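Read through the structure below, which is laid out as structure tokens, and then see the notes.
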Amino acid sequence: MEQNKFNILIVNDNRTALDALCDILQAEYRIIVAKTGPTALEIAKRDKPDLILMDVLLPEMSGFEVLSALKKSECTQSIPVICIASLNSVADEEKGLTLGAVDYITKPFHKSIVKARIRTHLRIVEQMRTIEQLHSFDTLTEVPNRKSFDKQMTAEWSRAVREQAYISILMIDADRFKAVNDKYGHQHGDMVLKKLAATIKSAIKRPADYFARWGGEEFAALLPNTELDGAMALAEEIRATVESESSVTVSIGVAAMIPSAENSVDDFFRQADQALYHAKQSGRNQVKACISR
């Protein structure tokens with residue numbers, strides 16, 4: 001199937017209605033099917049569909065109960081839900097919209113109306129993602145910004161606590177960057193930062209690793225499932241690559257741990273910052289580490 005197709009979760013236990021919706025939509029979208037509320041919630045959390053098309057009459061849980069649960073969960077609350085009902089009930093429509101549904105479709109289905117409404121809401125989804133992406137990236141260096149990094153860090157930290165897995169971070173700072181700006185001007189400094197970001201990014205090859213501009217001339221890399229030795233090896237590779245390919249050098253502070261509920265992200269960052277400080281104090285253009293067990 002085409003890579004750009006949206007995923008739609010259809011929640012309906014009526015075979016006739018399910019077949020009708022699949023017939024209308026499967027040529028344009030990837031279809032996922034759930035016949036009960038609990039199954040729908042499980043799929044929504046696991047697969048993060050782009051849109052949910054849900055009947056209000058379901059076994060085990062009503063569509064309204066499922067909708068309420070979706071909107072209470074942080075990982076599913078942003079998924080748009082279109083409710084389906086057999087009768088054109090104003091009370092049902094009002095209840096669904098109050099609970100967070102974005103639209104209402106009544107049976108029997110009118111193919112053109114179903115397709116038009118779904119296209120409208122998926123267009124909104126696409127626009128919102130574009131806006132979110134613009135707000136998540138640093139416009140100068142074209143890498144994720146600190147806000148985006150913090151969000152990724154929160155997710156990976158929670159996973160590391162849950163799975164008792166290692167997590168590492170690199171705090172990367174351009175050496176004597178103020179002198180570059182003072183001597184050559186801020187426009188040249190911006191060019192140096194852009195080149196620096198691209199150089200560092202090229203050295204971070206694992207899809208799971210996350211690289212961002214932290215602020216000013218400082219960058220950060222998040223390395224899930226990475227022990228200290230692996231983080232140090234990557235940090236040294238970054239340092240050496242920057243030294244050979246860029247007009248500046250970098251100092252890097254490394255922290256690694258298997259976090260528990262007693263640890264905090266703030267303390268973890270403080271360890272990396274302390275290691276970076278030691279790298280600066282020791283002469284710059286080097287890597288220093290801190291590890292907590």
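Following the order of the structure tokens, chains are lettered A, B, ..., residues in each are numbered from 1, and ligands are numbered from 1.
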Got a sec: who's within 10 Å of A:Thr249, counting only C-alpha atoms, leaving out chain neighbours fewer than 5 positions off, as a list in words? Asp173, Ala174, Asp175, Arg176, Phe177, Leu196, Ile238, Arg239, Ala240, Thr241, Val242, Glu243, Ser244, Arg284, Asn285 and Gln286 of chain A
Could the residues in this selection be saved with N, CA and C atoms as an mmCIF file, in the first residue's frame?
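out_14.cif, written as the output of this step:
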```cif
data_model
loop_
_atom_site.group_PDB
_atom_site.id
_atom_site.type_symbol
_atom_site.label_atom_id
_atom_site.label_comp_id
_atom_site.auth_asym_id
_atom_site.auth_seq_id
_atom_site.Cartn_x
_atom_site.Cartn_y
_atom_site.Cartn_z
ATOM 1 N N ASP A 173 28.388 21.065 23.501
ATOM 2 C CA ASP A 173 28.495 22.521 23.485
ATOM 3 C C ASP A 173 29.657 22.955 22.600
ATOM 4 N N ALA A 174 29.404 23.912 21.705
ATOM 5 C CA ALA A 174 30.457 24.438 20.830
ATOM 6 C C ALA A 174 31.455 25.240 21.668
ATOM 7 N N ASP A 175 32.725 24.958 21.483
ATOM 8 C CA ASP A 175 33.770 25.630 22.267
ATOM 9 C C ASP A 175 34.036 27.046 21.764
ATOM 10 N N ARG A 176 34.134 27.966 22.711
ATOM 11 C CA ARG A 176 34.512 29.366 22.434
ATOM 12 C C ARG A 176 33.657 29.971 21.297
ATOM 13 N N PHE A 177 32.368 29.675 21.324
ATOM 14 C CA PHE A 177 31.519 30.148 20.237
ATOM 15 C C PHE A 177 31.300 31.658 20.290
ATOM 16 N N LEU A 196 27.402 22.828 12.066
ATOM 17 C CA LEU A 196 27.687 21.991 13.234
ATOM 18 C C LEU A 196 26.556 20.998 13.479
ATOM 19 N N ILE A 238 31.463 11.803 17.586
ATOM 20 C CA ILE A 238 30.941 13.137 17.280
ATOM 21 C C ILE A 238 32.036 14.184 17.449
ATOM 22 N N ARG A 239 32.762 14.106 18.581
ATOM 23 C CA ARG A 239 33.824 15.092 18.843
ATOM 24 C C ARG A 239 34.878 15.092 17.734
ATOM 25 N N ALA A 240 35.311 13.879 17.342
ATOM 26 C CA ALA A 240 36.348 13.767 16.325
ATOM 27 C C ALA A 240 35.847 14.227 14.954
ATOM 28 N N THR A 241 34.597 13.888 14.634
ATOM 29 C CA THR A 241 34.027 14.298 13.350
ATOM 30 C C THR A 241 33.913 15.810 13.267
ATOM 31 N N VAL A 242 33.432 16.433 14.334
ATOM 32 C CA VAL A 242 33.306 17.893 14.359
ATOM 33 C C VAL A 242 34.681 18.546 14.223
ATOM 34 N N GLU A 243 35.664 18.010 14.919
ATOM 35 C CA GLU A 243 37.007 18.582 14.865
ATOM 36 C C GLU A 243 37.574 18.555 13.440
ATOM 37 N N SER A 244 37.265 17.472 12.692
ATOM 38 C CA SER A 244 37.826 17.335 11.347
ATOM 39 C C SER A 244 37.009 18.041 10.273
ATOM 40 N N ARG A 284 38.529 21.728 27.067
ATOM 41 C CA ARG A 284 37.603 21.721 25.920
ATOM 42 C C ARG A 284 38.012 20.666 24.881
ATOM 43 N N ASN A 285 37.145 20.519 23.868
ATOM 44 C CA ASN A 285 37.352 19.554 22.786
ATOM 45 C C ASN A 285 37.604 18.150 23.334
ATOM 46 N N GLN A 286 36.778 17.744 24.292
ATOM 47 C CA GLN A 286 36.905 16.407 24.861
ATOM 48 C C GLN A 286 35.583 15.931 25.428
#
```
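Every protein or nucleic acid residue with an atom no more than 8 Å from stretch 179-195 of chain A, counting only C-alpha atoms and leaving out same-chain residues fewer than 2 positions away, appears here: Leu140, Thr141, Glu142, Arg176, Phe177, Ala197, Ala198, Thr199, Glu217, Ser246, Ser247 and Val248 of chain A.
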So that I have them on file, write out the residues from the current selection with N, CA and C atoms, as an mmCIF file, in the first residue's frame.
```cif
data_model
loop_
_atom_site.group_PDB
_atom_site.id
_atom_site.type_symbol
_atom_site.label_atom_id
_atom_site.label_comp_id
_atom_site.auth_asym_id
_atom_site.auth_seq_id
_atom_site.Cartn_x
_atom_site.Cartn_y
_atom_site.Cartn_z
ATOM 1 N N LEU A 140 16.681 27.575 12.449
ATOM 2 C CA LEU A 140 18.030 27.818 11.935
ATOM 3 C C LEU A 140 18.721 26.511 11.540
ATOM 4 N N THR A 141 18.777 25.566 12.469
ATOM 5 C CA THR A 141 19.563 24.351 12.250
ATOM 6 C C THR A 141 18.754 23.216 11.615
ATOM 7 N N GLU A 142 17.426 23.363 11.592
ATOM 8 C CA GLU A 142 16.531 22.373 10.997
ATOM 9 C C GLU A 142 16.615 21.013 11.691
ATOM 10 N N ARG A 176 34.134 27.966 22.711
ATOM 11 C CA ARG A 176 34.512 29.366 22.434
ATOM 12 C C ARG A 176 33.657 29.971 21.297
ATOM 13 N N PHE A 177 32.368 29.675 21.324
ATOM 14 C CA PHE A 177 31.519 30.148 20.237
ATOM 15 C C PHE A 177 31.300 31.658 20.290
ATOM 16 N N ALA A 197 25.327 21.493 13.420
ATOM 17 C CA ALA A 197 24.168 20.614 13.636
ATOM 18 C C ALA A 197 24.135 19.495 12.606
ATOM 19 N N ALA A 198 24.389 19.830 11.347
ATOM 20 C CA ALA A 198 24.378 18.818 10.287
ATOM 21 C C ALA A 198 25.480 17.792 10.488
ATOM 22 N N THR A 199 26.641 18.247 10.951
ATOM 23 C CA THR A 199 27.769 17.344 11.188
ATOM 24 C C THR A 199 27.462 16.371 12.315
ATOM 25 N N GLU A 217 24.392 27.705 21.474
ATOM 26 C CA GLU A 217 25.347 26.842 20.780
ATOM 27 C C GLU A 217 25.406 25.448 21.395
ATOM 28 N N SER A 246 34.463 20.697 10.949
ATOM 29 C CA SER A 246 33.871 21.989 11.298
ATOM 30 C C SER A 246 34.951 23.003 11.664
ATOM 31 N N SER A 247 34.562 24.246 11.703
ATOM 32 C CA SER A 247 35.500 25.313 12.067
ATOM 33 C C SER A 247 35.565 25.523 13.574
ATOM 34 N N VAL A 248 34.751 24.772 14.324
ATOM 35 C CA VAL A 248 34.792 24.835 15.779
ATOM 36 C C VAL A 248 34.974 23.418 16.324
#
```
For each of A:Glu236, A:Asp47, A:Asp92, A:Asp13, take the minimum atom-to-atom distance to A:Met61, counting only C-alpha atoms, then give the residue where this is smallest.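 Comparing A:Glu236, A:Asp47, A:Asp92, A:Asp13 against A:Met61, the winner is A:Asp13.
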Residue neighbourhood A:His121, 12 Å, only C-alpha atoms, exclusion window fewer than 5 positions, as a list in words: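 Counting only the stated atoms, we get Phe6, Ile8, Asp50, Leu51, Ile52, Leu53, Ile79, Pro80, Val81, Ile82, Ala101, Val102, Asp103, Tyr104, Val114, Lys115, Ala116, Glu126, Gln127 and Met128 of chain A.
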Grab the atom CA of A:Ile200 to atom CA of A:Val143 distance for me, in Å with one decimal place.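 These two atoms are separated by 10.5 Å.
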